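A.B. asks: Encoded as structure tokens, here's the structure I'll be asking about.
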Amino acid sequence: LSNIATVHAEQSEWRYAISRYNEALEIQMEQFGEDDQEVANTLTNLGTMNFRFGNLPLALKSYKQAWRMRQNIFGSAHIHVSDALLNVALVHEHMGNIARAESCYANALRAAKNSVGDQHLKVALLKNSLANICLHTGKEELALKFFSDVWTIYKINGLDDEHDLVKIVSRNIADIRFKNQDDLAGVLTAFYDVLRFFSQMRASAFSLDDPGVDTFLKNVGQANANFTMAVC
């Protein structure tokens, strides 16, 4: 049943996938009990289907059950527990429960660091998520620290300067520094580097109709003007 559900999911047939996963879950719970990895995996898949189908409360319920099971199986300091908490955090964020999302991201980060160390790419993913939460809650200094940590982890893991992820986090760092009027020369260099990359290498993702792109271009222009005024 899980395999059939996966086929439905691959075809974006969320309703049928959810039904099959629920049937599989009922059978697995009878066979293996509540603290079993396969049951936790099915709960995670069920949560993902509900998330994609727009049933956020049901997605949250499944993700929370999977998290508790994985914590019982592996203990709190395990990457599987971190992954489960990340799912819970994502749903909270989409539901507008920002404080709960931030707490879950922080706990997921702690579990990931204890499991795979400080320099793993999953740690970068979680720090990036926390940075975005901080941006939306007005904690820009903390966001800048998280983004800077993310950039460092990317470089340690061998991502070069032309990698999409490096460019995106470089832009985020430059955006905050621009807002704080910090190191205008460096900010302007970063802006033009990101502009060159996305206009040439990722042109399809660089639409002038995108409000984020429009804001970015305005920041480039303002940074250029501010830098010119500072030099003069």
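Please note that chains go A, B, ... in the order of the structure tokens, that every chain numbers its residues from 1, and that ligands are numbered from 1 in the order shown.
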Mind dumping a table of every stretch 54-103 of chain A residue within 12 Å of stretch 3-19 of chain A, with the nearest atom pair and its distance in Å to one decimal, using only C-alpha atoms, sorted by chain and rising number, as JSON lines?

C.D. replies:
```
{"residue": "A:Gly54", "atom": "CA", "partner": "A:Trp14", "partner_atom": "CA", "distance": 9.8}
{"residue": "A:Asn55", "atom": "CA", "partner": "A:Trp14", "partner_atom": "CA", "distance": 10.7}
{"residue": "A:Leu58", "atom": "CA", "partner": "A:Ile18", "partner_atom": "CA", "distance": 10.7}
{"residue": "A:Ala59", "atom": "CA", "partner": "A:Ile18", "partner_atom": "CA", "distance": 10.6}
{"residue": "A:Ser62", "atom": "CA", "partner": "A:Ile18", "partner_atom": "CA", "distance": 11.4}
```

A.B. asks: Can you tell me, as a list in words, what residues are no more than 8 Å from stretch 110-112 of chain A when counting only C-alpha atoms, ignoring any on the same chain fewer than 4 positions away?

C.D. replies: Ser76, Ala77, His78, Ile79, Val81, Ser82, Ala106, Val116, Gly117, Lys122 and Val123 of chain A

A.B. asks: Just asking: which residues within stretch 46-177 of chain A are helix (DSSP H, G or I) according to DSSP, as a tab-separated table (two decimals) with N, CA, C and O atoms, in the first residue's frame?

C.D. replies:
```
chain	number	residue	atom	x	y	z
A	46	LEU	N	2.64	10.74	4.98
A	46	LEU	CA	1.26	11.20	5.10
A	46	LEU	C	1.21	12.70	5.39
A	46	LEU	O	0.40	13.43	4.83
A	47	GLY	N	2.12	13.14	6.27
A	47	GLY	CA	2.20	14.56	6.56
A	47	GLY	C	2.55	15.38	5.33
A	47	GLY	O	1.98	16.45	5.08
A	48	THR	N	3.49	14.85	4.54
A	48	THR	CA	3.90	15.56	3.32
A	48	THR	C	2.76	15.65	2.32
A	48	THR	O	2.55	16.70	1.69
A	49	MET	N	1.99	14.58	2.17
A	49	MET	CA	0.84	14.61	1.25
A	49	MET	C	-0.21	15.62	1.71
A	49	MET	O	-0.74	16.38	0.90
A	50	ASN	N	-0.50	15.63	2.99
A	50	ASN	CA	-1.47	16.59	3.51
A	50	ASN	C	-0.96	18.03	3.37
A	50	ASN	O	-1.73	18.94	3.08
A	51	PHE	N	0.35	18.20	3.55
A	51	PHE	CA	0.95	19.52	3.38
A	51	PHE	C	0.76	20.00	1.93
A	51	PHE	O	0.35	21.13	1.68
A	52	ARG	N	1.06	19.14	0.98
A	52	ARG	CA	0.93	19.51	-0.43
A	52	ARG	C	-0.52	19.69	-0.85
A	52	ARG	O	-0.83	20.47	-1.74
A	53	PHE	N	-1.42	18.95	-0.20
A	53	PHE	CA	-2.85	19.05	-0.50
A	53	PHE	C	-3.48	20.25	0.19
A	53	PHE	O	-4.63	20.60	-0.08
A	56	LEU	N	-3.05	21.67	6.33
A	56	LEU	CA	-1.94	21.94	7.24
A	56	LEU	C	-2.15	21.37	8.64
A	56	LEU	O	-1.20	20.82	9.22
A	57	PRO	N	-3.34	21.47	9.24
A	57	PRO	CA	-3.52	20.87	10.57
A	57	PRO	C	-3.26	19.36	10.58
A	57	PRO	O	-2.65	18.84	11.52
A	58	LEU	N	-3.73	18.66	9.54
A	58	LEU	CA	-3.48	17.22	9.46
A	58	LEU	C	-2.01	16.91	9.21
A	58	LEU	O	-1.47	15.96	9.75
A	59	ALA	N	-1.39	17.76	8.40
A	59	ALA	CA	0.05	17.59	8.17
A	59	ALA	C	0.82	17.76	9.48
A	59	ALA	O	1.73	16.98	9.78
A	60	LEU	N	0.46	18.77	10.24
A	60	LEU	CA	1.12	19.02	11.52
A	60	LEU	C	0.93	17.84	12.47
A	60	LEU	O	1.88	17.42	13.15
A	61	LYS	N	-0.27	17.30	12.52
A	61	LYS	CA	-0.54	16.16	13.39
A	61	LYS	C	0.34	14.97	13.03
A	61	LYS	O	0.96	14.34	13.91
A	62	SER	N	0.44	14.64	11.74
A	62	SER	CA	1.26	13.50	11.31
A	62	SER	C	2.74	13.75	11.57
A	62	SER	O	3.46	12.85	12.04
A	63	TYR	N	3.20	14.95	11.25
A	63	TYR	CA	4.61	15.28	11.48
A	63	TYR	C	4.98	15.21	12.96
A	63	TYR	O	6.07	14.76	13.32
A	64	LYS	N	4.08	15.67	13.82
A	64	LYS	CA	4.35	15.62	15.26
A	64	LYS	C	4.43	14.18	15.75
A	64	LYS	O	5.29	13.84	16.57
A	65	GLN	N	3.53	13.34	15.26
A	65	GLN	CA	3.56	11.92	15.64
A	65	GLN	C	4.87	11.28	15.19
A	65	GLN	O	5.49	10.51	15.95
A	66	ALA	N	5.30	11.59	13.97
A	66	ALA	CA	6.55	11.03	13.45
A	66	ALA	C	7.74	11.51	14.27
A	66	ALA	O	8.66	10.73	14.57
A	67	TRP	N	7.72	12.77	14.66
A	67	TRP	CA	8.81	13.34	15.48
A	67	TRP	C	8.89	12.62	16.83
A	67	TRP	O	9.99	12.22	17.27
A	68	ARG	N	7.75	12.44	17.50
A	68	ARG	CA	7.75	11.79	18.81
A	68	ARG	C	8.24	10.34	18.70
A	68	ARG	O	8.98	9.85	19.55
A	69	MET	N	7.81	9.66	17.64
A	69	MET	CA	8.26	8.28	17.44
A	69	MET	C	9.76	8.21	17.23
A	69	MET	O	10.46	7.38	17.83
A	70	ARG	N	10.28	9.08	16.37
A	70	ARG	CA	11.72	9.06	16.11
A	70	ARG	C	12.52	9.44	17.34
A	70	ARG	O	13.61	8.92	17.56
A	71	GLN	N	11.98	10.31	18.16
A	71	GLN	CA	12.67	10.67	19.39
A	71	GLN	C	12.70	9.48	20.34
A	71	GLN	O	13.72	9.23	21.01
A	72	ASN	N	11.60	8.73	20.40
A	72	ASN	CA	11.57	7.53	21.24
A	72	ASN	C	12.52	6.46	20.72
A	72	ASN	O	13.12	5.71	21.50
A	73	ILE	N	12.66	6.37	19.40
A	73	ILE	CA	13.51	5.33	18.80
A	73	ILE	C	14.99	5.70	18.88
A	73	ILE	O	15.83	4.88	19.26
A	74	PHE	N	15.31	6.95	18.52
A	74	PHE	CA	16.72	7.35	18.36
A	74	PHE	C	17.27	8.23	19.47
A	74	PHE	O	18.49	8.42	19.55
A	79	ILE	N	19.94	12.85	13.72
A	79	ILE	CA	19.59	13.59	12.52
A	79	ILE	C	18.16	13.29	12.07
A	79	ILE	O	17.48	14.17	11.52
A	80	HIS	N	17.67	12.07	12.32
A	80	HIS	CA	16.28	11.76	11.96
A	80	HIS	C	15.30	12.58	12.80
A	80	HIS	O	14.23	12.96	12.31
A	81	VAL	N	15.65	12.82	14.04
A	81	VAL	CA	14.82	13.67	14.90
A	81	VAL	C	14.86	15.11	14.42
A	81	VAL	O	13.84	15.81	14.39
A	82	SER	N	16.04	15.55	14.00
A	82	SER	CA	16.18	16.89	13.46
A	82	SER	C	15.32	17.06	12.21
A	82	SER	O	14.61	18.08	12.05
A	83	ASP	N	15.35	16.07	11.31
A	83	ASP	CA	14.54	16.13	10.09
A	83	ASP	C	13.05	16.21	10.43
A	83	ASP	O	12.29	16.93	9.78
A	84	ALA	N	12.64	15.43	11.42
A	84	ALA	CA	11.23	15.42	11.81
A	84	ALA	C	10.81	16.78	12.38
A	84	ALA	O	9.72	17.28	12.09
A	85	LEU	N	11.68	17.38	13.19
A	85	LEU	CA	11.39	18.70	13.74
A	85	LEU	C	11.36	19.77	12.66
A	85	LEU	O	10.58	20.73	12.73
A	86	LEU	N	12.20	19.61	11.65
A	86	LEU	CA	12.19	20.54	10.53
A	86	LEU	C	10.83	20.53	9.85
A	86	LEU	O	10.28	21.59	9.51
A	87	ASN	N	10.25	19.35	9.66
A	87	ASN	CA	8.92	19.27	9.06
A	87	ASN	C	7.88	19.98	9.91
A	87	ASN	O	7.02	20.71	9.38
A	88	VAL	N	7.94	19.78	11.21
A	88	VAL	CA	7.00	20.45	12.12
A	88	VAL	C	7.17	21.96	12.02
A	88	VAL	O	6.18	22.72	11.96
A	89	ALA	N	8.41	22.41	11.99
A	89	ALA	CA	8.69	23.84	11.90
A	89	ALA	C	8.14	24.45	10.62
A	89	ALA	O	7.56	25.56	10.64
A	90	LEU	N	8.31	23.75	9.50
A	90	LEU	CA	7.83	24.25	8.21
A	90	LEU	C	6.31	24.47	8.22
A	90	LEU	O	5.82	25.48	7.71
A	91	VAL	N	5.58	23.52	8.81
A	91	VAL	CA	4.12	23.66	8.86
A	91	VAL	C	3.74	24.83	9.76
A	91	VAL	O	2.87	25.64	9.40
A	92	HIS	N	4.37	24.93	10.92
A	92	HIS	CA	4.09	26.07	11.81
A	92	HIS	C	4.35	27.39	11.08
A	92	HIS	O	3.56	28.35	11.20
A	93	GLU	N	5.44	27.45	10.33
A	93	GLU	CA	5.76	28.69	9.60
A	93	GLU	C	4.68	29.01	8.57
A	93	GLU	O	4.25	30.17	8.45
A	94	HIS	N	4.22	28.00	7.83
A	94	HIS	CA	3.18	28.22	6.82
A	94	HIS	C	1.83	28.59	7.47
A	94	HIS	O	1.02	29.28	6.84
A	98	ILE	N	4.83	31.75	14.00
A	98	ILE	CA	6.25	32.05	13.83
A	98	ILE	C	7.08	31.69	15.07
A	98	ILE	O	8.18	31.14	14.95
A	99	ALA	N	6.57	31.99	16.26
A	99	ALA	CA	7.31	31.69	17.48
A	99	ALA	C	7.53	30.19	17.63
A	99	ALA	O	8.62	29.73	17.99
A	100	ARG	N	6.49	29.40	17.33
A	100	ARG	CA	6.62	27.94	17.42
A	100	ARG	C	7.57	27.42	16.35
A	100	ARG	O	8.36	26.50	16.59
A	101	ALA	N	7.47	28.01	15.15
A	101	ALA	CA	8.38	27.60	14.07
A	101	ALA	C	9.83	27.86	14.46
A	101	ALA	O	10.70	27.01	14.27
A	102	GLU	N	10.09	29.03	15.02
A	102	GLU	CA	11.45	29.39	15.43
A	102	GLU	C	11.97	28.41	16.48
A	102	GLU	O	13.12	27.97	16.43
A	103	SER	N	11.12	28.07	17.45
A	103	SER	CA	11.52	27.14	18.49
A	103	SER	C	11.84	25.76	17.91
A	103	SER	O	12.84	25.13	18.28
A	104	CYS	N	11.01	25.30	16.97
A	104	CYS	CA	11.25	23.99	16.35
A	104	CYS	C	12.52	24.00	15.51
A	104	CYS	O	13.29	23.03	15.53
A	105	TYR	N	12.74	25.08	14.76
A	105	TYR	CA	13.97	25.19	13.97
A	105	TYR	C	15.20	25.15	14.90
A	105	TYR	O	16.20	24.50	14.59
A	106	ALA	N	15.11	25.87	16.01
A	106	ALA	CA	16.24	25.91	16.95
A	106	ALA	C	16.51	24.53	17.54
A	106	ALA	O	17.67	24.11	17.67
A	107	ASN	N	15.45	23.81	17.91
A	107	ASN	CA	15.62	22.46	18.46
A	107	ASN	C	16.13	21.50	17.40
A	107	ASN	O	16.95	20.61	17.68
A	108	ALA	N	15.67	21.67	16.16
A	108	ALA	CA	16.16	20.83	15.06
A	108	ALA	C	17.64	21.10	14.81
A	108	ALA	O	18.42	20.17	14.55
A	109	LEU	N	18.03	22.37	14.90
A	109	LEU	CA	19.44	22.74	14.73
A	109	LEU	C	20.30	22.10	15.82
A	109	LEU	O	21.38	21.56	15.53
A	110	ARG	N	19.83	22.13	17.04
A	110	ARG	CA	20.58	21.55	18.15
A	110	ARG	C	20.76	20.04	17.93
A	110	ARG	O	21.87	19.50	18.12
A	111	ALA	N	19.69	19.37	17.52
A	111	ALA	CA	19.77	17.93	17.28
A	111	ALA	C	20.72	17.61	16.13
A	111	ALA	O	21.52	16.66	16.20
A	112	ALA	N	20.66	18.43	15.07
A	112	ALA	CA	21.53	18.20	13.91
A	112	ALA	C	23.00	18.39	14.28
A	112	ALA	O	23.85	17.58	13.90
A	113	LYS	N	23.30	19.46	15.02
A	113	LYS	CA	24.69	19.72	15.41
A	113	LYS	C	25.23	18.60	16.29
A	113	LYS	O	26.39	18.19	16.16
A	114	ASN	N	24.39	18.10	17.19
A	114	ASN	CA	24.82	17.02	18.06
A	114	ASN	C	25.00	15.71	17.30
A	114	ASN	O	25.78	14.84	17.71
A	115	SER	N	24.31	15.57	16.17
A	115	SER	CA	24.36	14.33	15.41
A	115	SER	C	25.43	14.34	14.32
A	115	SER	O	26.19	13.36	14.18
A	116	VAL	N	25.51	15.43	13.56
A	116	VAL	CA	26.41	15.44	12.39
A	116	VAL	C	27.48	16.52	12.45
A	116	VAL	O	28.29	16.65	11.53
A	121	LEU	N	25.86	20.32	5.85
A	121	LEU	CA	24.94	21.11	5.04
A	121	LEU	C	23.54	21.18	5.63
A	121	LEU	O	22.81	22.15	5.42
A	122	LYS	N	23.14	20.16	6.40
A	122	LYS	CA	21.83	20.23	7.05
A	122	LYS	C	21.82	21.30	8.14
A	122	LYS	O	20.79	21.92	8.40
A	123	VAL	N	22.97	21.51	8.76
A	123	VAL	CA	23.08	22.61	9.73
A	123	VAL	C	22.92	23.94	9.01
A	123	VAL	O	22.26	24.86	9.50
A	124	ALA	N	23.50	24.05	7.82
A	124	ALA	CA	23.35	25.27	7.02
A	124	ALA	C	21.89	25.51	6.66
A	124	ALA	O	21.40	26.64	6.73
A	125	LEU	N	21.18	24.45	6.27
A	125	LEU	CA	19.76	24.57	5.93
A	125	LEU	C	18.96	25.13	7.09
A	125	LEU	O	18.13	26.04	6.93
A	126	LEU	N	19.20	24.61	8.28
A	126	LEU	CA	18.45	25.04	9.46
A	126	LEU	C	18.82	26.46	9.88
A	126	LEU	O	17.96	27.25	10.27
A	127	LYS	N	20.10	26.79	9.78
A	127	LYS	CA	20.52	28.16	10.10
A	127	LYS	C	19.93	29.15	9.10
A	127	LYS	O	19.56	30.27	9.46
A	128	ASN	N	19.82	28.73	7.85
A	128	ASN	CA	19.21	29.59	6.84
A	128	ASN	C	17.74	29.83	7.15
A	128	ASN	O	17.23	30.96	7.01
A	129	SER	N	17.04	28.79	7.60
A	129	SER	CA	15.64	28.92	7.97
A	129	SER	C	15.49	29.85	9.17
A	129	SER	O	14.59	30.71	9.21
A	130	LEU	N	16.36	29.71	10.16
A	130	LEU	CA	16.32	30.59	11.32
A	130	LEU	C	16.63	32.03	10.94
A	130	LEU	O	16.03	32.98	11.47
A	131	ALA	N	17.55	32.21	10.00
A	131	ALA	CA	17.89	33.56	9.54
A	131	ALA	C	16.68	34.23	8.91
A	131	ALA	O	16.40	35.42	9.17
A	132	ASN	N	15.93	33.49	8.10
A	132	ASN	CA	14.74	34.06	7.47
A	132	ASN	C	13.66	34.39	8.50
A	132	ASN	O	12.98	35.41	8.37
A	133	ILE	N	13.53	33.55	9.52
A	133	ILE	CA	12.60	33.85	10.61
A	133	ILE	C	13.02	35.14	11.32
A	133	ILE	O	12.20	36.02	11.60
A	134	CYS	N	14.31	35.26	11.58
A	134	CYS	CA	14.83	36.46	12.26
A	134	CYS	C	14.58	37.72	11.42
A	134	CYS	O	14.25	38.77	11.97
A	135	LEU	N	14.72	37.60	10.11
A	135	LEU	CA	14.46	38.75	9.24
A	135	LEU	C	13.02	39.22	9.38
A	135	LEU	O	12.74	40.43	9.43
A	136	HIS	N	12.09	38.28	9.44
A	136	HIS	CA	10.67	38.62	9.51
A	136	HIS	C	10.24	39.07	10.89
A	136	HIS	O	9.14	39.60	11.05
A	140	GLU	N	17.62	41.54	12.85
A	140	GLU	CA	18.50	41.54	11.69
A	140	GLU	C	19.95	41.18	12.03
A	140	GLU	O	20.63	40.54	11.22
A	141	GLU	N	20.43	41.59	13.19
A	141	GLU	CA	21.80	41.23	13.56
A	141	GLU	C	21.96	39.73	13.70
A	141	GLU	O	22.97	39.16	13.26
A	142	LEU	N	20.97	39.09	14.31
A	142	LEU	CA	21.02	37.64	14.45
A	142	LEU	C	20.87	36.96	13.09
A	142	LEU	O	21.54	35.96	12.81
A	143	ALA	N	20.01	37.52	12.24
A	143	ALA	CA	19.86	36.99	10.88
A	143	ALA	C	21.18	37.06	10.13
A	143	ALA	O	21.57	36.11	9.43
A	144	LEU	N	21.87	38.19	10.27
A	144	LEU	CA	23.16	38.35	9.60
A	144	LEU	C	24.17	37.31	10.08
A	144	LEU	O	24.93	36.74	9.28
A	145	LYS	N	24.16	37.04	11.39
A	145	LYS	CA	25.07	36.03	11.93
A	145	LYS	C	24.75	34.65	11.35
A	145	LYS	O	25.66	33.91	10.93
A	146	PHE	N	23.46	34.31	11.30
A	146	PHE	CA	23.07	33.00	10.76
A	146	PHE	C	23.46	32.90	9.28
A	146	PHE	O	24.03	31.88	8.85
A	147	PHE	N	23.15	33.94	8.49
A	147	PHE	CA	23.49	33.91	7.07
A	147	PHE	C	25.01	33.79	6.86
A	147	PHE	O	25.47	33.09	5.96
A	148	SER	N	25.77	34.49	7.69
A	148	SER	CA	27.23	34.41	7.58
A	148	SER	C	27.72	33.01	7.91
A	148	SER	O	28.64	32.49	7.24
A	149	ASP	N	27.12	32.39	8.92
A	149	ASP	CA	27.47	31.00	9.25
A	149	ASP	C	27.14	30.07	8.09
A	149	ASP	O	27.90	29.15	7.77
A	150	VAL	N	25.99	30.30	7.46
A	150	VAL	CA	25.58	29.48	6.32
A	150	VAL	C	26.60	29.59	5.19
A	150	VAL	O	27.01	28.58	4.60
A	151	TRP	N	27.01	30.82	4.89
A	151	TRP	CA	28.00	31.04	3.83
A	151	TRP	C	29.29	30.28	4.14
A	151	TRP	O	29.87	29.62	3.27
A	152	THR	N	29.73	30.34	5.40
A	152	THR	CA	30.96	29.64	5.80
A	152	THR	C	30.82	28.14	5.63
A	152	THR	O	31.74	27.46	5.13
A	153	ILE	N	29.68	27.58	6.03
A	153	ILE	CA	29.46	26.14	5.89
A	153	ILE	C	29.46	25.73	4.43
A	153	ILE	O	30.03	24.69	4.06
A	154	TYR	N	28.83	26.53	3.60
A	154	TYR	CA	28.83	26.23	2.15
A	154	TYR	C	30.26	26.15	1.62
A	154	TYR	O	30.61	25.24	0.86
A	155	LYS	N	31.08	27.11	2.01
A	155	LYS	CA	32.46	27.13	1.51
A	155	LYS	C	33.26	25.94	2.05
A	155	LYS	O	34.05	25.34	1.31
A	156	ILE	N	33.06	25.60	3.32
A	156	ILE	CA	33.75	24.46	3.92
A	156	ILE	C	33.40	23.16	3.17
A	156	ILE	O	34.24	22.27	3.00
A	164	ASP	N	24.41	28.35	-6.86
A	164	ASP	CA	23.17	29.08	-6.57
A	164	ASP	C	23.03	29.41	-5.08
A	164	ASP	O	22.66	30.54	-4.71
A	165	LEU	N	23.28	28.41	-4.23
A	165	LEU	CA	23.09	28.62	-2.79
A	165	LEU	C	24.04	29.68	-2.24
A	165	LEU	O	23.66	30.49	-1.40
A	166	VAL	N	25.26	29.69	-2.74
A	166	VAL	CA	26.23	30.70	-2.29
A	166	VAL	C	25.78	32.09	-2.74
A	166	VAL	O	25.87	33.06	-1.98
A	167	LYS	N	25.30	32.19	-3.96
A	167	LYS	CA	24.84	33.49	-4.47
A	167	LYS	C	23.64	34.00	-3.68
A	167	LYS	O	23.54	35.19	-3.37
A	168	ILE	N	22.72	33.11	-3.37
A	168	ILE	CA	21.51	33.53	-2.64
A	168	ILE	C	21.86	34.02	-1.25
A	168	ILE	O	21.38	35.07	-0.80
A	169	VAL	N	22.71	33.28	-0.53
A	169	VAL	CA	23.04	33.72	0.83
A	169	VAL	C	23.90	34.98	0.79
A	169	VAL	O	23.80	35.85	1.66
A	170	SER	N	24.74	35.12	-0.26
A	170	SER	CA	25.52	36.34	-0.42
A	170	SER	C	24.61	37.54	-0.63
A	170	SER	O	24.85	38.63	-0.08
A	171	ARG	N	23.55	37.34	-1.41
A	171	ARG	CA	22.59	38.43	-1.60
A	171	ARG	C	21.90	38.77	-0.28
A	171	ARG	O	21.71	39.95	0.04
A	172	ASN	N	21.51	37.76	0.49
A	172	ASN	CA	20.84	38.02	1.77
A	172	ASN	C	21.74	38.82	2.72
A	172	ASN	O	21.28	39.73	3.41
A	173	ILE	N	23.02	38.45	2.75
A	173	ILE	CA	23.97	39.18	3.59
A	173	ILE	C	24.10	40.62	3.11
A	173	ILE	O	24.08	41.57	3.91
A	174	ALA	N	24.19	40.79	1.80
A	174	ALA	CA	24.33	42.14	1.23
A	174	ALA	C	23.09	42.97	1.50
A	174	ALA	O	23.18	44.18	1.78
A	175	ASP	N	21.89	42.35	1.43
A	175	ASP	CA	20.65	43.08	1.70
A	175	ASP	C	20.64	43.66	3.11
A	175	ASP	O	20.25	44.82	3.32
A	176	ILE	N	21.08	42.86	4.09
A	176	ILE	CA	21.09	43.34	5.48
A	176	ILE	C	22.13	44.43	5.65
A	176	ILE	O	21.87	45.46	6.29
A	177	ARG	N	23.30	44.23	5.08
A	177	ARG	CA	24.35	45.25	5.21
A	177	ARG	C	23.95	46.55	4.50
A	177	ARG	O	24.28	47.64	4.96
```

A.B. asks: Rounded to one decimal, what separation in Å do you get between atom CA of A:Lys139 and atom CA of A:Leu159?

C.D. replies: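 These two atoms are separated by 27.3 Å.
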